[in-house]
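**Q** Below is the file upload-v2.cif, which contains mmCIF, N, CA and C atoms.
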data_start
loop_
_atom_site.label_atom_id
_atom_site.label_comp_id
_atom_site.auth_asym_id
_atom_site.auth_seq_id
_atom_site.Cartn_x
_atom_site.Cartn_y
_atom_site.Cartn_z
N MET X 1 84.61 -118.22 -186.48
CA MET X 1 83.36 -117.48 -186.59
C MET X 1 82.90 -116.99 -185.23
N LYS X 2 83.09 -117.82 -184.21
CA LYS X 2 82.67 -117.44 -182.86
C LYS X 2 83.44 -116.22 -182.38
N GLY X 3 84.73 -116.14 -182.75
CA GLY X 3 85.54 -114.99 -182.37
C GLY X 3 85.05 -113.71 -182.99
N VAL X 4 84.61 -113.77 -184.25
CA VAL X 4 84.08 -112.60 -184.93
C VAL X 4 82.78 -112.16 -184.27
N ALA X 5 81.90 -113.10 -183.97
CA ALA X 5 80.63 -112.78 -183.32
C ALA X 5 80.87 -112.12 -181.96
N GLU X 6 81.82 -112.63 -181.22
CA GLU X 6 82.13 -112.05 -179.90
C GLU X 6 82.69 -110.64 -180.05
N ARG X 7 83.54 -110.42 -181.06
CA ARG X 7 84.11 -109.09 -181.30
C ARG X 7 82.99 -108.09 -181.66
N VAL X 8 82.09 -108.49 -182.53
CA VAL X 8 80.97 -107.62 -182.92
C VAL X 8 80.08 -107.33 -181.71
N TYR X 9 79.81 -108.35 -180.91
CA TYR X 9 79.01 -108.18 -179.69
C TYR X 9 79.67 -107.15 -178.76
N GLN X 10 80.98 -107.27 -178.55
CA GLN X 10 81.69 -106.34 -177.67
C GLN X 10 81.70 -104.92 -178.23
N GLU X 11 81.86 -104.79 -179.55
CA GLU X 11 81.79 -103.47 -180.18
C GLU X 11 80.42 -102.83 -179.97
N ASN X 12 79.38 -103.63 -180.17
CA ASN X 12 78.02 -103.11 -179.99
C ASN X 12 77.74 -102.74 -178.55
N LEU X 13 78.23 -103.54 -177.62
CA LEU X 13 78.06 -103.24 -176.20
C LEU X 13 78.78 -101.93 -175.85
N TRP X 14 79.96 -101.74 -176.41
CA TRP X 14 80.72 -100.50 -176.19
C TRP X 14 79.93 -99.30 -176.72
N LEU X 15 79.31 -99.46 -177.90
CA LEU X 15 78.51 -98.37 -178.45
C LEU X 15 77.30 -98.05 -177.58
N LEU X 16 76.64 -99.09 -177.07
CA LEU X 16 75.49 -98.85 -176.18
C LEU X 16 75.90 -98.00 -174.99
N ASP X 17 77.12 -98.22 -174.49
CA ASP X 17 77.61 -97.44 -173.35
C ASP X 17 77.76 -95.96 -173.71
N ARG X 18 77.94 -95.64 -174.98
CA ARG X 18 78.16 -94.26 -175.43
C ARG X 18 76.86 -93.53 -175.75
N VAL X 19 75.75 -94.25 -175.87
CA VAL X 19 74.47 -93.62 -176.24
C VAL X 19 73.73 -93.22 -174.98
N ARG X 20 73.37 -91.96 -174.92
CA ARG X 20 72.73 -91.40 -173.71
C ARG X 20 71.48 -92.18 -173.29
N LEU X 21 70.68 -92.60 -174.24
CA LEU X 21 69.46 -93.34 -173.93
C LEU X 21 69.76 -94.56 -173.06
N PHE X 22 70.89 -95.18 -173.27
CA PHE X 22 71.21 -96.43 -172.58
C PHE X 22 72.01 -96.22 -171.30
N GLN X 23 72.31 -94.99 -170.93
CA GLN X 23 73.06 -94.76 -169.70
C GLN X 23 72.26 -95.18 -168.47
N TYR X 24 70.95 -95.30 -168.61
CA TYR X 24 70.10 -95.66 -167.49
C TYR X 24 69.96 -97.18 -167.33
N LEU X 25 70.56 -97.93 -168.22
CA LEU X 25 70.48 -99.39 -168.14
C LEU X 25 71.66 -99.94 -167.35
N ASP X 26 71.41 -100.99 -166.59
CA ASP X 26 72.54 -101.66 -165.94
C ASP X 26 73.17 -102.61 -166.95
N GLN X 27 74.30 -103.21 -166.60
CA GLN X 27 75.02 -104.06 -167.55
C GLN X 27 74.20 -105.26 -168.00
N ARG X 28 73.40 -105.82 -167.13
CA ARG X 28 72.56 -106.96 -167.51
C ARG X 28 71.56 -106.54 -168.58
N GLN X 29 70.93 -105.39 -168.38
CA GLN X 29 69.97 -104.89 -169.36
C GLN X 29 70.64 -104.59 -170.69
N LYS X 30 71.83 -104.00 -170.64
CA LYS X 30 72.57 -103.70 -171.88
C LYS X 30 72.91 -104.99 -172.62
N ARG X 31 73.28 -106.03 -171.90
CA ARG X 31 73.59 -107.31 -172.56
C ARG X 31 72.35 -107.90 -173.23
N ILE X 32 71.19 -107.75 -172.58
CA ILE X 32 69.94 -108.25 -173.17
C ILE X 32 69.66 -107.52 -174.48
N VAL X 33 69.75 -106.20 -174.45
CA VAL X 33 69.52 -105.41 -175.66
C VAL X 33 70.55 -105.76 -176.72
N CYS X 34 71.80 -105.87 -176.32
CA CYS X 34 72.90 -106.12 -177.26
C CYS X 34 72.72 -107.44 -178.02
N ARG X 35 72.17 -108.44 -177.37
CA ARG X 35 71.96 -109.74 -178.03
C ARG X 35 70.92 -109.66 -179.15
N THR X 36 70.11 -108.60 -179.17
CA THR X 36 69.05 -108.49 -180.16
C THR X 36 69.40 -107.55 -181.31
N LEU X 37 70.55 -106.91 -181.24
CA LEU X 37 70.90 -105.88 -182.22
C LEU X 37 71.24 -106.48 -183.58
N VAL X 38 70.89 -105.73 -184.60
CA VAL X 38 71.21 -106.09 -185.98
C VAL X 38 72.03 -104.94 -186.55
N VAL X 39 73.09 -105.28 -187.26
CA VAL X 39 73.91 -104.27 -187.94
C VAL X 39 73.51 -104.25 -189.41
N GLN X 40 73.19 -103.06 -189.91
CA GLN X 40 72.86 -102.90 -191.32
C GLN X 40 73.94 -102.04 -191.98
N LEU X 41 74.33 -102.43 -193.18
CA LEU X 41 75.36 -101.72 -193.93
C LEU X 41 74.72 -100.92 -195.06
N PHE X 42 75.24 -99.71 -195.28
CA PHE X 42 74.71 -98.83 -196.31
C PHE X 42 75.86 -98.27 -197.13
N ASP X 43 75.74 -98.37 -198.45
CA ASP X 43 76.70 -97.75 -199.35
C ASP X 43 76.46 -96.25 -199.38
N SER X 44 77.46 -95.52 -199.82
CA SER X 44 77.33 -94.07 -199.96
C SER X 44 76.12 -93.74 -200.84
N GLY X 45 75.30 -92.80 -200.38
CA GLY X 45 74.13 -92.37 -201.14
C GLY X 45 72.86 -93.15 -200.83
N LYS X 46 72.95 -94.21 -200.06
CA LYS X 46 71.77 -95.02 -199.73
C LYS X 46 71.06 -94.45 -198.51
N HIS X 47 69.71 -94.52 -198.55
CA HIS X 47 68.90 -94.01 -197.45
C HIS X 47 68.81 -95.03 -196.31
N VAL X 48 68.97 -94.54 -195.09
CA VAL X 48 68.72 -95.33 -193.89
C VAL X 48 67.24 -95.17 -193.52
N THR X 49 66.77 -93.94 -193.51
CA THR X 49 65.35 -93.65 -193.31
C THR X 49 64.94 -92.60 -194.34
N VAL X 50 63.66 -92.57 -194.63
CA VAL X 50 63.12 -91.61 -195.58
C VAL X 50 62.02 -90.82 -194.89
N GLU X 51 62.13 -89.51 -194.96
CA GLU X 51 61.13 -88.63 -194.36
C GLU X 51 59.74 -88.99 -194.86
N GLY X 52 58.81 -89.12 -193.92
CA GLY X 52 57.43 -89.40 -194.26
C GLY X 52 57.03 -90.86 -194.20
N LEU X 53 58.01 -91.76 -194.16
CA LEU X 53 57.66 -93.18 -194.07
C LEU X 53 57.22 -93.54 -192.67
N GLN X 54 56.41 -94.55 -192.57
CA GLN X 54 55.87 -94.98 -191.28
C GLN X 54 56.63 -96.21 -190.78
N HIS X 55 57.91 -96.07 -190.62
CA HIS X 55 58.76 -97.16 -190.13
C HIS X 55 59.22 -96.74 -188.74
N THR X 56 58.36 -96.94 -187.74
CA THR X 56 58.62 -96.34 -186.43
C THR X 56 58.89 -97.36 -185.33
N ASP X 57 59.22 -98.58 -185.69
CA ASP X 57 59.42 -99.60 -184.66
C ASP X 57 60.88 -99.75 -184.24
N CYS X 58 61.75 -98.88 -184.74
CA CYS X 58 63.16 -99.01 -184.36
C CYS X 58 63.85 -97.66 -184.35
N MET X 59 64.97 -97.62 -183.66
CA MET X 59 65.87 -96.48 -183.69
C MET X 59 67.21 -97.00 -184.17
N PHE X 60 68.13 -96.11 -184.41
CA PHE X 60 69.41 -96.48 -184.99
C PHE X 60 70.57 -95.84 -184.22
N ILE X 61 71.70 -96.53 -184.22
CA ILE X 61 72.94 -96.00 -183.67
C ILE X 61 73.99 -96.12 -184.77
N VAL X 62 74.71 -95.05 -185.02
CA VAL X 62 75.75 -95.07 -186.04
C VAL X 62 76.94 -95.85 -185.49
N LYS X 63 77.30 -96.92 -186.18
CA LYS X 63 78.45 -97.74 -185.78
C LYS X 63 79.72 -97.26 -186.48
N SER X 64 79.58 -96.89 -187.75
CA SER X 64 80.72 -96.34 -188.50
C SER X 64 80.19 -95.54 -189.67
N GLY X 65 81.02 -94.67 -190.19
CA GLY X 65 80.64 -93.85 -191.33
C GLY X 65 80.05 -92.52 -190.91
N VAL X 66 79.54 -91.80 -191.91
CA VAL X 66 78.94 -90.49 -191.69
C VAL X 66 77.58 -90.49 -192.40
N LEU X 67 76.56 -90.02 -191.69
CA LEU X 67 75.21 -89.94 -192.23
C LEU X 67 74.77 -88.48 -192.26
N GLU X 68 74.02 -88.12 -193.28
CA GLU X 68 73.49 -86.77 -193.38
C GLU X 68 71.99 -86.80 -193.10
N VAL X 69 71.53 -85.86 -192.29
CA VAL X 69 70.11 -85.75 -191.96
C VAL X 69 69.54 -84.56 -192.72
N LYS X 70 68.44 -84.82 -193.44
CA LYS X 70 67.75 -83.76 -194.18
C LYS X 70 66.29 -83.72 -193.77
N ILE X 71 65.79 -82.50 -193.61
CA ILE X 71 64.37 -82.27 -193.36
C ILE X 71 63.86 -81.38 -194.48
N SER X 72 62.83 -81.84 -195.15
CA SER X 72 62.27 -81.12 -196.31
C SER X 72 63.35 -80.81 -197.34
N GLY X 73 64.28 -81.74 -197.51
CA GLY X 73 65.33 -81.59 -198.51
C GLY X 73 66.51 -80.74 -198.09
N LYS X 74 66.46 -80.15 -196.89
CA LYS X 74 67.53 -79.28 -196.41
C LYS X 74 68.40 -80.03 -195.40
N ALA X 75 69.71 -80.05 -195.65
CA ALA X 75 70.64 -80.70 -194.72
C ALA X 75 70.64 -79.94 -193.39
N VAL X 76 70.44 -80.69 -192.29
CA VAL X 76 70.39 -80.04 -190.98
C VAL X 76 71.52 -80.47 -190.06
N THR X 77 72.06 -81.68 -190.24
CA THR X 77 73.18 -82.11 -189.40
C THR X 77 73.81 -83.37 -190.01
N LYS X 78 74.95 -83.72 -189.45
CA LYS X 78 75.61 -84.97 -189.81
C LYS X 78 75.75 -85.81 -188.56
N LEU X 79 75.66 -87.12 -188.73
CA LEU X 79 75.76 -88.06 -187.62
C LEU X 79 77.02 -88.90 -187.79
N HIS X 80 77.66 -89.19 -186.66
CA HIS X 80 78.91 -89.95 -186.65
C HIS X 80 78.81 -91.10 -185.65
N GLU X 81 79.87 -91.86 -185.55
CA GLU X 81 79.90 -93.00 -184.64
C GLU X 81 79.38 -92.64 -183.25
N GLY X 82 78.43 -93.45 -182.76
CA GLY X 82 77.87 -93.24 -181.43
C GLY X 82 76.62 -92.38 -181.41
N ASP X 83 76.36 -91.64 -182.48
CA ASP X 83 75.13 -90.84 -182.55
C ASP X 83 73.94 -91.76 -182.76
N SER X 84 72.81 -91.37 -182.21
CA SER X 84 71.59 -92.17 -182.39
C SER X 84 70.51 -91.30 -183.04
N PHE X 85 69.56 -91.95 -183.69
CA PHE X 85 68.46 -91.23 -184.33
C PHE X 85 67.29 -92.19 -184.51
N GLY X 86 66.12 -91.60 -184.71
CA GLY X 86 64.92 -92.39 -184.97
C GLY X 86 64.00 -92.57 -183.78
N GLU X 87 64.42 -92.16 -182.60
CA GLU X 87 63.59 -92.37 -181.42
C GLU X 87 62.40 -91.42 -181.35
N ARG X 88 62.46 -90.30 -182.06
CA ARG X 88 61.32 -89.36 -182.09
C ARG X 88 60.06 -90.05 -182.60
N ALA X 89 60.19 -90.87 -183.63
CA ALA X 89 59.02 -91.55 -184.19
C ALA X 89 58.36 -92.46 -183.16
N TRP X 90 59.16 -93.02 -182.25
CA TRP X 90 58.61 -93.85 -181.17
C TRP X 90 57.67 -93.05 -180.30
N LEU X 91 58.14 -91.86 -179.94
CA LEU X 91 57.41 -91.05 -178.97
C LEU X 91 56.13 -90.47 -179.54
N TYR X 92 56.18 -90.02 -180.77
CA TYR X 92 55.03 -89.35 -181.36
C TYR X 92 54.14 -90.30 -182.14
N GLY X 93 54.60 -91.49 -182.45
CA GLY X 93 53.83 -92.42 -183.25
C GLY X 93 53.55 -91.89 -184.65
N GLU X 94 54.46 -91.05 -185.14
CA GLU X 94 54.30 -90.42 -186.44
C GLU X 94 55.24 -91.03 -187.46
N HIS X 95 55.14 -90.56 -188.67
CA HIS X 95 56.06 -90.96 -189.72
C HIS X 95 57.45 -90.39 -189.42
N ARG X 96 58.45 -90.90 -190.10
CA ARG X 96 59.81 -90.38 -189.93
C ARG X 96 59.84 -88.89 -190.26
N SER X 97 60.51 -88.12 -189.40
CA SER X 97 60.53 -86.66 -189.57
C SER X 97 61.70 -86.18 -190.41
N ALA X 98 62.61 -87.09 -190.79
CA ALA X 98 63.78 -86.69 -191.58
C ALA X 98 64.24 -87.86 -192.44
N SER X 99 64.95 -87.51 -193.48
CA SER X 99 65.64 -88.52 -194.28
C SER X 99 67.08 -88.58 -193.80
N VAL X 100 67.60 -89.79 -193.67
CA VAL X 100 68.99 -89.98 -193.25
C VAL X 100 69.67 -90.81 -194.32
N THR X 101 70.78 -90.28 -194.84
CA THR X 101 71.47 -90.90 -195.97
C THR X 101 72.94 -91.08 -195.64
N ALA X 102 73.49 -92.22 -196.03
CA ALA X 102 74.92 -92.47 -195.84
C ALA X 102 75.73 -91.58 -196.78
N MET X 103 76.71 -90.87 -196.25
CA MET X 103 77.58 -90.04 -197.06
C MET X 103 78.82 -90.80 -197.51
N GLU X 104 79.05 -91.93 -196.88
CA GLU X 104 80.15 -92.84 -197.19
C GLU X 104 79.69 -94.22 -196.73
N PRO X 105 80.40 -95.27 -197.09
CA PRO X 105 79.97 -96.58 -196.59
C PRO X 105 79.82 -96.52 -195.06
N SER X 106 78.67 -96.94 -194.58
CA SER X 106 78.33 -96.77 -193.16
C SER X 106 77.65 -98.02 -192.61
N ALA X 107 77.76 -98.17 -191.30
CA ALA X 107 77.07 -99.25 -190.58
C ALA X 107 76.25 -98.63 -189.47
N VAL X 108 75.01 -99.10 -189.34
CA VAL X 108 74.15 -98.65 -188.25
C VAL X 108 73.62 -99.87 -187.51
N ILE X 109 73.43 -99.68 -186.22
CA ILE X 109 72.85 -100.71 -185.37
C ILE X 109 71.37 -100.40 -185.25
N VAL X 110 70.54 -101.41 -185.43
CA VAL X 110 69.09 -101.26 -185.32
C VAL X 110 68.66 -101.75 -183.94
N VAL X 111 67.96 -100.88 -183.22
CA VAL X 111 67.43 -101.22 -181.90
C VAL X 111 65.91 -101.23 -182.01
N ARG X 112 65.30 -102.35 -181.73
CA ARG X 112 63.85 -102.51 -181.86
C ARG X 112 63.13 -101.97 -180.62
N ARG X 113 62.06 -101.27 -180.85
CA ARG X 113 61.27 -100.66 -179.78
C ARG X 113 60.77 -101.69 -178.77
N HIS X 114 60.23 -102.81 -179.24
CA HIS X 114 59.64 -103.78 -178.31
C HIS X 114 60.69 -104.37 -177.36
N ILE X 115 61.94 -104.45 -177.80
CA ILE X 115 63.00 -104.93 -176.91
C ILE X 115 63.24 -103.92 -175.79
N LEU X 116 63.34 -102.64 -176.16
CA LEU X 116 63.56 -101.62 -175.13
C LEU X 116 62.37 -101.51 -174.19
N GLU X 117 61.17 -101.66 -174.70
CA GLU X 117 60.00 -101.63 -173.83
C GLU X 117 60.05 -102.76 -172.81
N GLN X 118 60.51 -103.94 -173.23
CA GLN X 118 60.64 -105.07 -172.31
C GLN X 118 61.70 -104.80 -171.25
N VAL X 119 62.82 -104.24 -171.67
CA VAL X 119 63.94 -104.02 -170.74
C VAL X 119 63.67 -102.83 -169.83
N LEU X 120 63.13 -101.73 -170.37
CA LEU X 120 62.93 -100.51 -169.59
C LEU X 120 61.59 -100.46 -168.87
N GLY X 121 60.63 -101.25 -169.34
CA GLY X 121 59.32 -101.26 -168.70
C GLY X 121 58.66 -99.90 -168.74
N SER X 122 58.13 -99.48 -167.61
CA SER X 122 57.38 -98.23 -167.55
C SER X 122 58.26 -97.00 -167.73
N ASN X 123 59.59 -97.15 -167.63
CA ASN X 123 60.51 -96.02 -167.80
C ASN X 123 60.82 -95.72 -169.26
N PHE X 124 60.32 -96.56 -170.17
CA PHE X 124 60.68 -96.44 -171.58
C PHE X 124 60.44 -95.03 -172.14
N LYS X 125 59.24 -94.52 -171.99
CA LYS X 125 58.93 -93.20 -172.58
C LYS X 125 59.71 -92.08 -171.91
N ASP X 126 59.85 -92.11 -170.57
CA ASP X 126 60.60 -91.06 -169.89
C ASP X 126 62.05 -91.00 -170.37
N ILE X 127 62.68 -92.15 -170.47
CA ILE X 127 64.07 -92.20 -170.91
C ILE X 127 64.19 -91.77 -172.36
N SER X 128 63.25 -92.19 -173.19
CA SER X 128 63.27 -91.79 -174.60
C SER X 128 63.11 -90.28 -174.73
N TRP X 129 62.22 -89.69 -173.94
CA TRP X 129 62.02 -88.23 -173.97
C TRP X 129 63.31 -87.50 -173.61
N ARG X 130 63.98 -87.97 -172.58
CA ARG X 130 65.25 -87.33 -172.18
C ARG X 130 66.24 -87.34 -173.34
N ASN X 131 66.29 -88.46 -174.05
CA ASN X 131 67.21 -88.58 -175.16
C ASN X 131 66.85 -87.61 -176.29
N VAL X 132 65.57 -87.48 -176.59
CA VAL X 132 65.14 -86.55 -177.64
C VAL X 132 65.49 -85.11 -177.26
N ILE X 133 65.25 -84.75 -176.01
CA ILE X 133 65.58 -83.40 -175.55
C ILE X 133 67.07 -83.16 -175.65
N TYR X 134 67.87 -84.12 -175.22
CA TYR X 134 69.32 -84.00 -175.30
C TYR X 134 69.77 -83.81 -176.75
N ALA X 135 69.24 -84.63 -177.66
CA ALA X 135 69.62 -84.55 -179.07
C ALA X 135 69.22 -83.20 -179.65
N SER X 136 68.05 -82.70 -179.27
CA SER X 136 67.59 -81.40 -179.76
C SER X 136 68.52 -80.29 -179.30
N LEU X 137 68.93 -80.33 -178.06
CA LEU X 137 69.85 -79.33 -177.54
C LEU X 137 71.22 -79.44 -178.21
N ARG X 138 71.66 -80.67 -178.48
CA ARG X 138 72.94 -80.91 -179.15
C ARG X 138 72.93 -80.30 -180.54
N ASP X 139 71.82 -80.46 -181.25
CA ASP X 139 71.75 -79.98 -182.62
C ASP X 139 71.48 -78.48 -182.72
N TYR X 140 71.06 -77.87 -181.62
CA TYR X 140 70.74 -76.46 -181.62
C TYR X 140 72.00 -75.68 -181.57
#
If you took the structure in this file and wrote it as structure tokens, what would it be?
**A**
Amino acid sequence: MKGVAERVYQENLWLLDRVRLFQYLDQRQKRIVCRTLVVQLFDSGKHVTVEGLQHTDCMFIVKSGVLEVKISGKAVTKLHEGDSFGERAWLYGEHRSASVTAMEPSAVIVVRRHILEQVLGSNFKDISWRNVIYASLRDY
């Protein structure tokens, strides 16, 4: 069991290295965040987030599978391994702006806002903004 936990930890740490938001963290900070991560599994057709809900205390990183993002019922993009989403709700303090649904069996990593605030301190919002801008440009 310990070997499986270590393998999952290393996979999650590798994914953190691929997410732009976390490029500003040193390895110690990444390890702190990584120890708090939860992996959630979704069957095909299941919602990860639903547009309009007020679930704004976390962001997500796609660990495996393909997710579809819809705004007002219209498909706008697909997310794959290493893509992140959900950080916009942190910045605006608003409801979720899109619905995200698994298109196939998928795994996502949940990153809690309060953990990142502890690790990033006063840089939290600046780094989050950079990530939102990057994602917006990527999707454009």
**Q** Any idea what's packed within 6.5 Å of Gln40 (chain X), counting all atoms listed in the file, ignoring anything in its chain fewer than 5 positions away? Could you give it as a PyMOL selection string?
**A** chain X and resi 106-110
**Q** In Å, with one decimal, what is the gap from atom C of Gln118 (chain X) to CA of Ser97 (chain X)?
**A**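 That distance, rounded to one decimal, is 25.8 Å.
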**Q** Please list as a PyMOL selection string every residue within 12 Å of Gly73 (chain X), counting only C-alpha atoms and excluding residues in the same chain fewer than 4 positions away.
**A** chain X and resi 50-52+68-69+97-101
**Q** Could you pull the residues within 5 Å of Ser44 (chain X), counting all atoms listed in the file, minus those fewer than 3 positions along the same chain, as an mmCIF file with N, CA and C atoms, in the coordinates of the input?
**A**
data_model
loop_
_atom_site.group_PDB
_atom_site.id
_atom_site.type_symbol
_atom_site.label_atom_id
_atom_site.label_comp_id
_atom_site.auth_asym_id
_atom_site.auth_seq_id
_atom_site.Cartn_x
_atom_site.Cartn_y
_atom_site.Cartn_z
ATOM 1 N N ALA X 102 73.490 -92.220 -196.030
ATOM 2 C CA ALA X 102 74.920 -92.470 -195.840
ATOM 3 C C ALA X 102 75.730 -91.580 -196.780
ATOM 4 N N MET X 103 76.710 -90.870 -196.250
ATOM 5 C CA MET X 103 77.580 -90.040 -197.060
ATOM 6 C C MET X 103 78.820 -90.800 -197.510
ATOM 7 N N GLU X 104 79.050 -91.930 -196.880
ATOM 8 C CA GLU X 104 80.150 -92.840 -197.190
ATOM 9 C C GLU X 104 79.690 -94.220 -196.730
ATOM 10 N N PRO X 105 80.400 -95.270 -197.090
ATOM 11 C CA PRO X 105 79.970 -96.580 -196.590
ATOM 12 C C PRO X 105 79.820 -96.520 -195.060
#
**Q** Looking at only C-alpha atoms, which of X:Ile127, X:Val39, X:Cys34, X:Ala75 is the one that sits closest to Phe60 (chain X)?
**A**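 Nearest to Phe60 (chain X): X:Val39.
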